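Trainee: Sharing structure_23.csv, CSV, C-alpha atoms (C1' of nucleotides):
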chain,number,residue,atom,x,y,z
A,263,MET,CA,-41.1,19.8,3.4
A,264,ASP,CA,-41.3,23.2,1.7
A,265,LYS,CA,-37.8,24.3,2.4
A,266,PRO,CA,-34.7,22.1,2.3
A,267,VAL,CA,-33.1,21.1,5.6
A,268,LYS,CA,-30.0,23.3,6.2
A,269,ILE,CA,-27.1,21.0,7.0
A,270,VAL,CA,-23.6,21.7,8.3
A,271,PHE,CA,-21.4,18.7,7.4
A,272,MET,CA,-18.3,17.8,9.4
A,273,GLY,CA,-15.9,15.2,8.1
A,274,THR,CA,-12.3,14.7,6.9
A,275,PRO,CA,-11.1,11.5,5.3
A,276,GLU,CA,-12.1,9.5,2.2
A,277,PHE,CA,-14.6,7.6,4.3
A,278,ALA,CA,-16.7,10.7,4.8
A,279,VAL,CA,-16.7,11.7,1.1
A,280,PRO,CA,-19.6,9.4,-0.2
A,281,TYR,CA,-21.8,10.7,2.7
A,282,LEU,CA,-21.1,14.3,1.7
A,283,ARG,CA,-21.8,13.5,-1.9
A,284,SER,CA,-25.1,11.9,-1.2
A,285,LEU,CA,-26.3,14.7,1.0
A,286,THR,CA,-25.4,17.3,-1.6
A,287,ALA,CA,-27.1,15.3,-4.3
A,288,ASP,CA,-30.4,15.1,-2.4
A,289,LYS,CA,-32.8,18.0,-2.9
A,290,TYR,CA,-34.3,17.5,0.5
A,291,PHE,CA,-31.1,18.9,2.0
A,292,GLU,CA,-29.0,22.0,1.5
A,293,VAL,CA,-25.4,21.7,2.6
A,294,LYS,CA,-24.6,25.2,3.9
A,295,ALA,CA,-21.1,24.5,5.1
A,296,VAL,CA,-18.5,21.8,5.2
A,297,ILE,CA,-16.2,21.8,8.2
A,298,THR,CA,-13.0,19.7,7.8
A,299,GLN,CA,-9.5,19.5,9.3
A,300,PRO,CA,-6.9,22.0,8.2
A,301,ASP,CA,-4.6,21.0,5.3
A,302,LYS,CA,-1.7,19.0,6.7
A,303,PRO,CA,1.8,17.9,5.5
A,304,ALA,CA,1.6,14.4,4.1
A,305,GLY,CA,3.9,12.0,2.4
A,306,ARG,CA,7.7,11.8,2.1
A,307,LYS,CA,8.1,15.3,0.9
A,308,GLN,CA,5.7,16.7,3.5
A,309,ILE,CA,3.6,18.4,0.9
A,310,ILE,CA,0.7,20.3,2.4
A,311,THR,CA,-2.3,18.3,1.4
A,312,PRO,CA,-6.0,19.1,1.7
A,313,PRO,CA,-8.2,16.4,3.2
A,314,PRO,CA,-10.4,14.4,0.8
A,315,VAL,CA,-13.6,16.0,2.0
A,316,LYS,CA,-12.3,19.5,1.2
A,317,ILE,CA,-11.5,18.5,-2.3
A,318,VAL,CA,-15.1,17.3,-2.9
A,319,ALA,CA,-16.5,20.4,-1.2
A,320,GLN,CA,-14.5,22.6,-3.5
A,321,GLU,CA,-15.8,20.7,-6.5
A,322,ASN,CA,-19.3,21.4,-5.3
A,323,ASN,CA,-18.6,25.0,-4.5
A,324,LEU,CA,-19.6,24.6,-0.9
A,325,LEU,CA,-18.5,26.9,1.9
A,326,ILE,CA,-15.5,25.3,3.6
A,327,LEU,CA,-14.3,26.0,7.1
A,328,GLN,CA,-11.1,24.6,8.5
A,329,PRO,CA,-10.7,25.7,12.1
A,330,GLU,CA,-7.5,24.6,13.9
A,331,LYS,CA,-9.5,24.0,17.0
A,332,LEU,CA,-13.2,24.0,17.8
A,333,LYS,CA,-13.1,24.8,21.5
A,334,ASP,CA,-13.2,28.4,22.6
A,335,ASN,CA,-13.1,29.5,19.0
A,336,GLU,CA,-15.5,32.5,19.0
A,337,GLU,CA,-14.9,33.6,15.5
A,338,PHE,CA,-15.8,30.1,14.2
A,339,LEU,CA,-18.8,29.8,16.4
A,340,LEU,CA,-20.2,33.1,15.1
A,341,LYS,CA,-19.9,31.9,11.5
A,342,LEU,CA,-21.8,28.8,12.4
A,343,LYS,CA,-24.5,30.8,14.1
A,344,GLU,CA,-25.0,33.0,11.0
A,345,ILE,CA,-25.7,29.9,9.0
A,346,LYS,CA,-28.5,28.8,11.4
A,347,PRO,CA,-28.2,25.1,10.6
A,348,ASP,CA,-31.1,22.8,11.0
A,349,LEU,CA,-28.9,19.7,11.3
A,350,LEU,CA,-25.3,19.0,12.0
A,351,VAL,CA,-24.1,15.8,10.3
A,352,VAL,CA,-20.7,14.4,11.5
A,353,VAL,CA,-18.9,11.6,9.7
A,354,ALA,CA,-15.3,10.9,10.8
A,355,TYR,CA,-14.3,14.5,11.6
A,356,GLY,CA,-11.4,13.6,13.8
A,357,GLN,CA,-11.9,15.9,16.8
A,358,ILE,CA,-14.2,16.0,19.8
A,359,ILE,CA,-17.0,18.5,19.1
A,360,PRO,CA,-17.6,20.8,22.1
A,361,ARG,CA,-21.0,21.4,23.6
A,362,SER,CA,-21.1,25.0,22.3
A,363,ILE,CA,-21.3,23.7,18.7
A,364,LEU,CA,-23.7,20.9,19.5
A,365,ALA,CA,-26.1,23.5,20.8
A,366,LEU,CA,-26.5,25.2,17.4
A,367,ALA,CA,-28.5,22.9,15.1
A,368,LYS,CA,-32.2,23.2,15.6
A,369,LEU,CA,-33.1,19.6,14.8
A,370,GLY,CA,-30.1,17.9,16.3
A,371,ASN,CA,-26.6,16.5,15.7
A,372,ILE,CA,-26.3,13.3,13.8
A,373,ASN,CA,-23.2,11.0,13.7
A,374,VAL,CA,-22.3,8.0,11.6
A,375,HIS,CA,-20.2,5.5,13.5
A,376,PRO,CA,-18.8,2.4,11.9
A,377,SER,CA,-19.6,-0.2,14.6
A,378,LEU,CA,-22.6,-1.6,16.3
A,379,LEU,CA,-22.6,0.7,19.3
A,380,PRO,CA,-22.2,0.4,22.2
A,381,LYS,CA,-19.4,-1.9,21.1
A,382,TYR,CA,-16.3,-0.3,19.7
A,383,ARG,CA,-16.7,3.3,20.8
A,384,GLY,CA,-13.7,5.4,19.9
A,385,ALA,CA,-11.2,6.0,17.2
A,386,SER,CA,-10.7,2.7,15.4
A,387,PRO,CA,-13.8,0.6,15.4
A,388,ILE,CA,-13.3,-1.0,12.0
A,389,GLN,CA,-9.7,-2.0,12.6
A,390,ASN,CA,-10.6,-3.5,15.9
A,391,ALA,CA,-13.6,-5.4,14.7
A,392,ILE,CA,-11.2,-7.1,12.2
A,393,LEU,CA,-8.4,-7.5,14.7
A,394,ASN,CA,-10.8,-9.4,17.1
A,395,ASN,CA,-12.1,-11.6,14.3
A,396,GLU,CA,-15.7,-10.5,14.9
A,397,LYS,CA,-18.4,-12.4,13.1
A,398,SER,CA,-20.2,-9.2,12.3
A,399,THR,CA,-20.1,-5.4,12.8
A,400,GLY,CA,-22.1,-2.6,11.3
A,401,LEU,CA,-23.1,1.0,11.1
A,402,THR,CA,-24.8,3.1,13.8
A,403,ILE,CA,-26.5,6.4,13.2
A,404,MET,CA,-26.9,8.3,16.4
A,405,LEU,CA,-27.5,11.6,18.0
A,406,MET,CA,-24.4,13.1,19.6
A,407,ASP,CA,-24.0,14.2,23.1
A,408,GLU,CA,-20.9,15.5,24.8
A,409,LYS,CA,-19.5,12.1,25.6
A,410,MET,CA,-17.7,10.2,22.9
A,411,ASP,CA,-19.9,7.9,20.8
A,412,HIS,CA,-22.4,7.8,23.7
A,413,GLY,CA,-25.6,9.4,22.4
A,414,PRO,CA,-28.9,7.7,21.7
A,415,ILE,CA,-29.2,5.4,18.7
A,416,LEU,CA,-31.5,6.2,15.8
A,417,ALA,CA,-30.8,3.1,13.6
A,418,GLN,CA,-28.3,0.4,13.0
A,419,GLN,CA,-27.3,-1.8,10.1
A,420,GLU,CA,-25.4,-5.0,10.6
A,421,ILE,CA,-22.7,-6.2,8.3
A,422,ALA,CA,-21.5,-9.8,8.4
A,423,LEU,CA,-17.8,-10.5,8.3
A,424,ASN,CA,-16.2,-13.6,6.7
A,425,GLY,CA,-12.6,-13.3,7.7
A,426,THR,CA,-11.3,-11.9,4.5
A,427,GLU,CA,-12.1,-8.2,4.9
A,428,ASN,CA,-9.4,-5.7,5.3
A,429,ASN,CA,-9.6,-2.2,6.8
A,430,GLU,CA,-9.8,-0.6,3.4
A,431,SER,CA,-12.4,-2.9,2.0
A,432,LEU,CA,-14.6,-2.6,5.1
A,433,HIS,CA,-14.3,1.2,5.0
A,434,GLN,CA,-15.5,1.1,1.4
A,435,LYS,CA,-18.3,-1.2,2.3
A,436,MET,CA,-19.4,1.1,5.1
A,437,SER,CA,-19.5,4.1,2.8
A,438,ASP,CA,-21.1,2.4,-0.2
A,439,LYS,CA,-24.5,3.4,-1.7
A,440,LYS,CA,-26.4,1.2,0.7
A,441,SER,CA,-24.7,2.9,3.6
A,442,THR,CA,-25.2,6.5,2.4
A,443,ASP,CA,-28.9,5.7,1.6
A,444,PHE,CA,-29.2,4.3,5.1
A,445,LEU,CA,-28.1,7.6,6.5
A,446,ILE,CA,-30.4,9.7,4.4
A,447,GLU,CA,-33.4,7.5,5.1
A,448,THR,CA,-32.7,7.6,8.8
A,449,ILE,CA,-32.4,11.4,8.8
A,450,LYS,CA,-35.6,11.8,6.9
A,451,LYS,CA,-37.5,9.4,9.3
A,452,PHE,CA,-36.0,11.2,12.3
A,453,ILE,CA,-37.1,14.6,11.1
A,454,ALA,CA,-40.5,13.2,10.3
A,455,GLY,CA,-40.7,12.1,13.9
A,456,GLU,CA,-40.9,8.4,13.0
A,457,ILE,CA,-37.9,7.4,15.1
A,458,LYS,CA,-37.6,7.3,18.9
A,459,PRO,CA,-33.9,7.5,19.9
A,460,GLN,CA,-32.8,4.6,22.0
A,461,PRO,CA,-30.3,5.2,24.7
A,462,GLN,CA,-27.2,3.0,24.6
A,463,ASP,CA,-26.6,0.4,27.3
A,464,ASP,CA,-23.4,1.7,28.8
A,465,ASP,CA,-22.7,-1.5,30.6
A,466,LYS,CA,-22.1,-3.2,27.3
A,467,ALA,CA,-19.8,-0.5,25.9
A,468,THR,CA,-16.3,-1.3,24.7
A,469,TYR,CA,-13.7,1.2,23.6
A,470,CYS,CA,-10.9,1.2,21.1
A,471,LYS,CA,-7.9,3.5,20.9
A,472,LEU,CA,-6.2,5.0,18.0
A,473,ILE,CA,-4.0,2.4,16.2
A,474,LYS,CA,-0.4,2.7,16.9
A,475,LYS,CA,2.3,1.7,14.5
A,476,GLU,CA,4.0,-0.6,17.0
A,477,GLU,CA,0.9,-2.8,16.9
A,478,ALA,CA,1.6,-3.6,13.3
A,479,LYS,CA,4.7,-5.7,13.9
A,480,ILE,CA,4.0,-9.4,13.4
A,481,ASP,CA,4.7,-11.9,16.2
A,482,TRP,CA,5.1,-15.3,14.5
A,483,GLN,CA,4.7,-17.0,17.8
A,484,LYS,CA,1.0,-16.2,17.7
A,485,PRO,CA,-1.8,-18.2,16.1
A,486,VAL,CA,-2.2,-17.6,12.4
A,487,GLU,CA,-5.8,-16.4,12.8
A,488,ILE,CA,-4.4,-13.5,14.8
A,489,ILE,CA,-1.6,-12.8,12.4
A,490,SER,CA,-4.1,-12.9,9.5
A,491,ALA,CA,-6.4,-10.5,11.3
A,492,GLN,CA,-3.5,-8.1,12.0
A,493,ILE,CA,-2.5,-8.1,8.3
A,494,ARG,CA,-6.0,-7.3,7.3
A,495,ALA,CA,-6.8,-4.8,10.0
A,496,PHE,CA,-3.6,-2.7,9.3
A,497,TYR,CA,-4.0,-2.5,5.6
A,498,PRO,CA,-3.5,0.1,4.0
A,499,TRP,CA,-2.1,1.7,7.1
A,500,PRO,CA,0.2,1.2,8.9
A,501,VAL,CA,0.6,-2.2,7.2
A,502,ALA,CA,1.7,-5.3,9.1
A,503,TRP,CA,5.4,-6.0,8.9
A,504,THR,CA,8.2,-8.3,10.0
A,505,THR,CA,11.9,-8.4,9.3
A,506,LEU,CA,14.0,-10.5,7.0
A,507,ASN,CA,17.8,-10.2,7.4
A,508,SER,CA,17.3,-7.0,9.4
A,509,LYS,CA,15.3,-5.4,6.7
A,510,ARG,CA,11.7,-4.4,7.1
A,511,ALA,CA,9.2,-6.5,5.1
A,512,LYS,CA,5.6,-5.4,4.8
A,513,ILE,CA,3.0,-8.1,4.4
A,514,PHE,CA,-0.1,-7.3,2.4
A,515,PRO,CA,-3.5,-8.9,2.4
A,516,PRO,CA,-4.9,-11.2,1.4
A,517,VAL,CA,-3.1,-14.1,3.0
A,518,LYS,CA,-4.2,-17.8,3.1
A,519,ILE,CA,-4.2,-20.0,6.1
A,520,THR,CA,-3.0,-23.5,5.3
A,521,GLY,CA,-2.3,-26.7,7.4
A,522,GLY,CA,0.9,-28.0,8.7
A,523,THR,CA,3.4,-26.6,11.2
A,524,ASP,CA,7.0,-25.6,11.4
A,525,GLU,CA,9.2,-23.4,13.6
A,526,PRO,CA,7.4,-20.0,13.9
A,527,GLY,CA,8.7,-17.5,11.4
A,528,LYS,CA,10.4,-20.1,9.2
A,529,ILE,CA,9.9,-19.5,5.5
A,530,SER,CA,9.5,-22.2,2.9
A,531,ALA,CA,9.1,-21.7,-0.8
A,532,GLN,CA,6.9,-24.4,-2.2
A,533,ASP,CA,6.7,-24.2,-5.9
A,534,ASP,CA,5.4,-20.6,-6.5
A,535,LYS,CA,4.1,-20.3,-3.0
A,536,LEU,CA,5.6,-18.4,-0.1
A,537,ILE,CA,4.7,-20.2,3.1
A,538,VAL,CA,5.5,-19.0,6.6
A,539,ALA,CA,4.8,-20.8,9.9
A,540,GLY,CA,2.9,-19.3,12.7
A,541,GLN,CA,2.4,-20.9,16.1
A,542,ASP,CA,-0.2,-23.4,15.1
A,543,LYS,CA,-0.6,-23.4,11.3
A,544,MET,CA,1.0,-21.9,8.2
A,545,LEU,CA,0.3,-18.8,6.3
A,546,GLU,CA,0.7,-18.3,2.6
A,547,ILE,CA,1.8,-14.8,1.7
A,548,LEU,CA,0.8,-13.5,-1.7
A,549,GLU,CA,2.3,-10.0,-1.7
A,550,LEU,CA,5.1,-8.4,0.2
A,551,GLN,CA,7.5,-5.5,0.1
A,552,ILE,CA,11.1,-5.2,1.3
A,553,GLU,CA,12.2,-1.8,2.4
A,554,GLY,CA,13.6,0.2,-0.5
A,555,LYS,CA,11.9,-2.1,-3.0
A,556,ASN,CA,8.6,-2.1,-4.7
A,557,LYS,CA,5.8,-4.4,-3.7
A,558,VAL,CA,6.1,-7.8,-5.4
A,559,LYS,CA,4.1,-10.9,-5.8
A,560,ALA,CA,5.3,-13.9,-3.8
A,561,LYS,CA,6.2,-15.8,-6.9
A,562,ASP,CA,8.5,-13.0,-8.2
A,563,PHE,CA,10.0,-12.6,-4.8
A,564,ILE,CA,11.0,-16.3,-4.7
A,565,LEU,CA,12.6,-16.2,-8.1
A,566,GLY,CA,15.0,-13.4,-7.3
A,567,ASN,CA,15.8,-14.4,-3.7
A,568,HIS,CA,16.7,-17.8,-2.4
A,569,ILE,CA,15.0,-17.5,0.9
A,570,SER,CA,13.6,-21.0,1.7
A,571,GLY,CA,14.7,-22.0,5.2
A,572,GLN,CA,15.3,-18.4,6.3
A,573,TYR,CA,13.2,-16.8,9.1
A,574,PHE,CA,11.0,-13.8,9.4
A,575,LYS,CA,11.7,-12.2,12.8
B,149,C,C1',18.8,21.2,3.8
B,150,G,C1',15.1,15.3,8.3
B,151,C,C1',17.6,9.7,7.8
B,152,G,C1',18.1,5.7,4.4
B,153,G,C1',17.7,1.9,0.1
B,154,G,C1',16.7,1.2,-5.1
B,155,G,C1',16.3,2.0,-11.0
B,156,U,C1',20.6,-4.0,-15.2
B,157,A,C1',16.1,-8.6,-20.8
B,158,G,C1',8.8,-9.1,-20.3
B,159,A,C1',9.0,-10.2,-14.3
B,160,G,C1',12.1,-10.8,-9.9
B,161,C,C1',17.2,-10.3,-8.8
B,162,A,C1',23.0,-10.9,-9.0
B,163,G,C1',27.2,-8.4,-10.8
B,164,U,C1',31.1,-2.5,-7.5
B,165,A,C1',36.7,-1.1,-13.4
B,166,G,C1',38.5,-5.8,-18.0
B,167,C,C1',33.5,-10.3,-23.1
B,168,A,C1',26.4,-8.2,-19.3
B,169,G,C1',24.7,-12.8,-15.9
B,170,C,C1',20.9,-16.1,-12.7
B,171,U,C1',15.8,-17.9,-11.9
B,172,C,C1',11.1,-17.5,-14.2
B,173,G,C1',8.5,-16.2,-18.5
B,174,C,C1',8.5,-16.0,-24.0
B,175,C,C1',9.7,-18.4,-29.2
B,176,A,C1',11.2,-22.9,-31.9
B,177,G,C1',12.2,-28.1,-31.6
B,178,G,C1',12.4,-32.8,-28.9
B,179,C,C1',10.5,-36.5,-25.3
B,180,C,C1',5.6,-38.2,-23.7
B,181,C,C1',-1.0,-41.0,-23.7
B,182,A,C1',-0.2,-36.3,-21.5
B,183,U,C1',1.6,-31.9,-18.6
B,184,A,C1',2.7,-26.0,-15.2
B,185,A,C1',7.4,-31.9,-15.5
B,186,C,C1',12.0,-33.0,-18.4
B,187,C,C1',15.8,-32.3,-22.7
B,188,U,C1',17.9,-29.1,-26.8
B,189,G,C1',18.3,-24.6,-29.2
B,190,G,C1',16.8,-19.3,-29.7
B,191,A,C1',15.0,-14.3,-29.4
B,192,G,C1',15.1,-10.3,-26.1
B,193,G,C1',19.6,-4.9,-22.8
B,194,U,C1',21.0,2.8,-25.2
B,195,C,C1',22.8,-1.3,-17.4
B,196,G,C1',17.2,5.6,-15.2
B,197,U,C1',19.1,10.6,-17.9
B,198,G,C1',23.1,14.0,-18.8
B,199,G,C1',28.1,15.2,-18.0
B,200,G,C1',33.2,14.0,-16.0
B,201,U,C1',37.7,10.7,-14.8
B,202,G,C1',40.2,6.2,-17.0
B,203,C,C1',43.5,2.6,-22.2
B,204,G,C1',38.8,0.7,-20.6
B,205,A,C1',32.8,2.5,-16.6
B,206,A,C1',26.6,-1.1,-15.1
B,207,U,C1',30.9,-0.5,-11.7
B,208,C,C1',34.5,5.6,-9.7
B,209,C,C1',33.0,11.4,-9.5
B,210,C,C1',29.2,15.4,-10.3
B,211,A,C1',24.2,16.9,-11.5
B,212,C,C1',19.3,15.6,-12.5
B,213,C,C1',14.8,12.3,-13.1
B,214,U,C1',12.1,8.6,-10.7
B,215,C,C1',10.4,4.5,-7.2
B,216,C,C1',10.5,3.0,-2.2
B,217,G,C1',11.5,2.2,3.6
B,218,C,C1',11.9,5.2,8.1
B,219,A,C1',10.4,9.7,10.4
B,220,A,C1',6.3,13.3,10.6
Could you rewrite the structure in this file as structure tokens?
Mentor:
Amino acid sequence: MDKPVKIVFMGTPEFAVPYLRSLTADKYFEVKAVITQPDKPAGRKQIITPPPVKIVAQENNLLILQPEKLKDNEEFLLKLKEIKPDLLVVVAYGQIIPRSILALAKLGNINVHPSLLPKYRGASPIQNAILNNEKSTGLTIMLMDEKMDHGPILAQQEIALNGTENNESLHQKMSDKKSTDFLIETIKKFIAGEIKPQPQDDDKATYCKLIKKEEAKIDWQKPVEIISAQIRAFYPWPVAWTTLNSKRAKIFPPVKITGGTDEPGKISAQDDKLIVAGQDKMLEILELQIEGKNKVKAKDFILGNHISGQYFK
RNA sequence: CGCGGGGUAGAGCAGUAGCAGCUCGCCAGGCCCAUAACCUGGAGGUCGUGGGUGCGAAUCCCACCUCCGCAA
């Protein structure tokens, strides 16, 4: 390659940041523009906050575009055309990308999706792989077409799960050095013509929707494996919760599954340990937070509250 | 002006006008083959900050700082 490959990068959350960093660090590429979601109000005070990708793009003095919408946005489309990108790389952008934009890049449009497609197409592949207690999941690098997570696959990398991962740790794992290297190597091989894109088997496709907060309420009538999966899948957002004396109690990972049974939801403080019964076994909680209070370790919680024999509902 | 709950010993909490407490931890000593067990004693607090009311304020009033739950 005599000239660097001109890339337009689209991405928004923390997950996309390592990918952007690795692309900007590689001389083979030149990131001509970063497209990310507009700054949005966040937190209790609703302070306008830039997305993580924007912050990193600013640090690297990259051109940043934050269109409200992509569809029928002539002004935005013109700017992209001026750039004449060779490649569009999309990592967790957060919006459907219309055909008019997919038509721009000369070499193609590449997407990183954190599941082994065609399984878990859609918005929350990592959470759902954990929720369903999958034995493994992975990363897929694919070419985009106009259907969601539907395009032909360039390469996949499997990641084994052992039942202790939470949403945050898996996100980190899927954007670590190995993962970003995987993207870069795949792009290079693809441009060199060494990869033949493989169409997905649509019959095997499964879909996952955006996580809703209601799904994070714990039902103690369920088996503890399911409750444990919920607690891990919903950390750090929206965080699995239950109630104690009509107050909301967030339950944080990790939790330990232990033997024995009791009435579902019943709490017992055994020494320093906070044990709650599920449908079939017991769950040891290590960290929790009552509304209005800070997060505390189970041991500290037991000391200040005599709760043995009460129920989570 | 979105709604709401907190800030008290190193930790977690109780105390809502009248001597600042509980559990754990910590220090010293005792018991014991021994211990995270048990017994005895001890240290450790400007009760978030500033002002106000009262004979008297952790407690009531006002302002501010700060942490957090909901909502978005």
Trainee: Provide as a PyMOL selection string the residues of chain B at most 7 Å from chain A, counting all atoms listed in the file.
Mentor: chain B and resi 153-154+159-161+171-172+216-217
Trainee: Would you mind listing what lies within 8 Å of A:Met406 as a PyMOL selection string, with all atoms listed in the file counted and same-chain residues fewer than 6 positions away left out?
Mentor: chain A and resi 364+371-373+412-414
Trainee: By how many Å are atom CA of A:Cys470 and atom CA of A:Gly384 apart?
Mentor: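 Between atom CA of A:Cys470 and atom CA of A:Gly384 the gap works out to 5.2 Å.
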Trainee: Using only C-alpha atoms (C1' of nucleotides), which protein or nucleic acid residues come within 12 Å of A:Ser570? Drop anything in the same chain fewer than 4 positions from it, and give the result as a PyMOL selection string.
Mentor: chain A and resi 506+527-538+563-566+574
Trainee: Anything within 8 Å of (-10.1, -3.7, 12.6): list those residues as JSON, numbers by chain, counting all atoms listed in the file and sticking to the file's coordinates.
Mentor: {"A": [386, 387, 388, 389, 390, 391, 392, 393, 394, 428, 429, 491, 492, 494, 495, 496]}
Trainee: Within 10 Å of stretch 183-194 of chain B, counting all atoms listed in the file, which residues show up once you throw out same-chain ones fewer than 4 positions away? Write them as a list in words, please.
Mentor: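 Within the cut-off, the hits are U156, A157, G158, A168, C174, C175, A176, G177, G178 and C179 of chain B.
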Trainee: Interatomic distance between atom CA of A:Phe271 and atom CA of A:Leu285?
Mentor: 9.0 Å
Trainee: Could you please determine the separation between atom CA of A:Phe277 and atom CA of A:Ile547 in Å, to one decimal place?
Mentor: 27.9 Å
Trainee: Report as a PyMOL selection string all protein, DNA and RNA residues lying within 12 Å of A:Pro280, evaluated on only C-alpha atoms (C1' of nucleotides), omitting residues in the same chain fewer than 6 positions from it.
Mentor: chain A and resi 273-274+286-287+314-315+318-319+353-354+433-443+445-446
Trainee: Skip B:C213 itself and residues of its chain fewer than 4 positions away, then list as a list in words all residues within 12 Å of it, counting all atoms listed in the file.
Mentor: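 Returned residues: G155, G196, U197 and G198 of chain B.
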Trainee: Counting only C-alpha atoms (C1' of nucleotides), which residue out of B:A182, B:C195, B:A219, B:A165 sits closest to B:U207?
Mentor: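 Closest to B:U207 of all the choices is B:A165.
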Trainee: Rank A:Thr311, A:Thr298, A:Thr426, A:Thr520 by their smallest atom-to-atom distance to A:Leu324, using all atoms listed in the file, and report the top residue only.
Mentor: A:Thr298
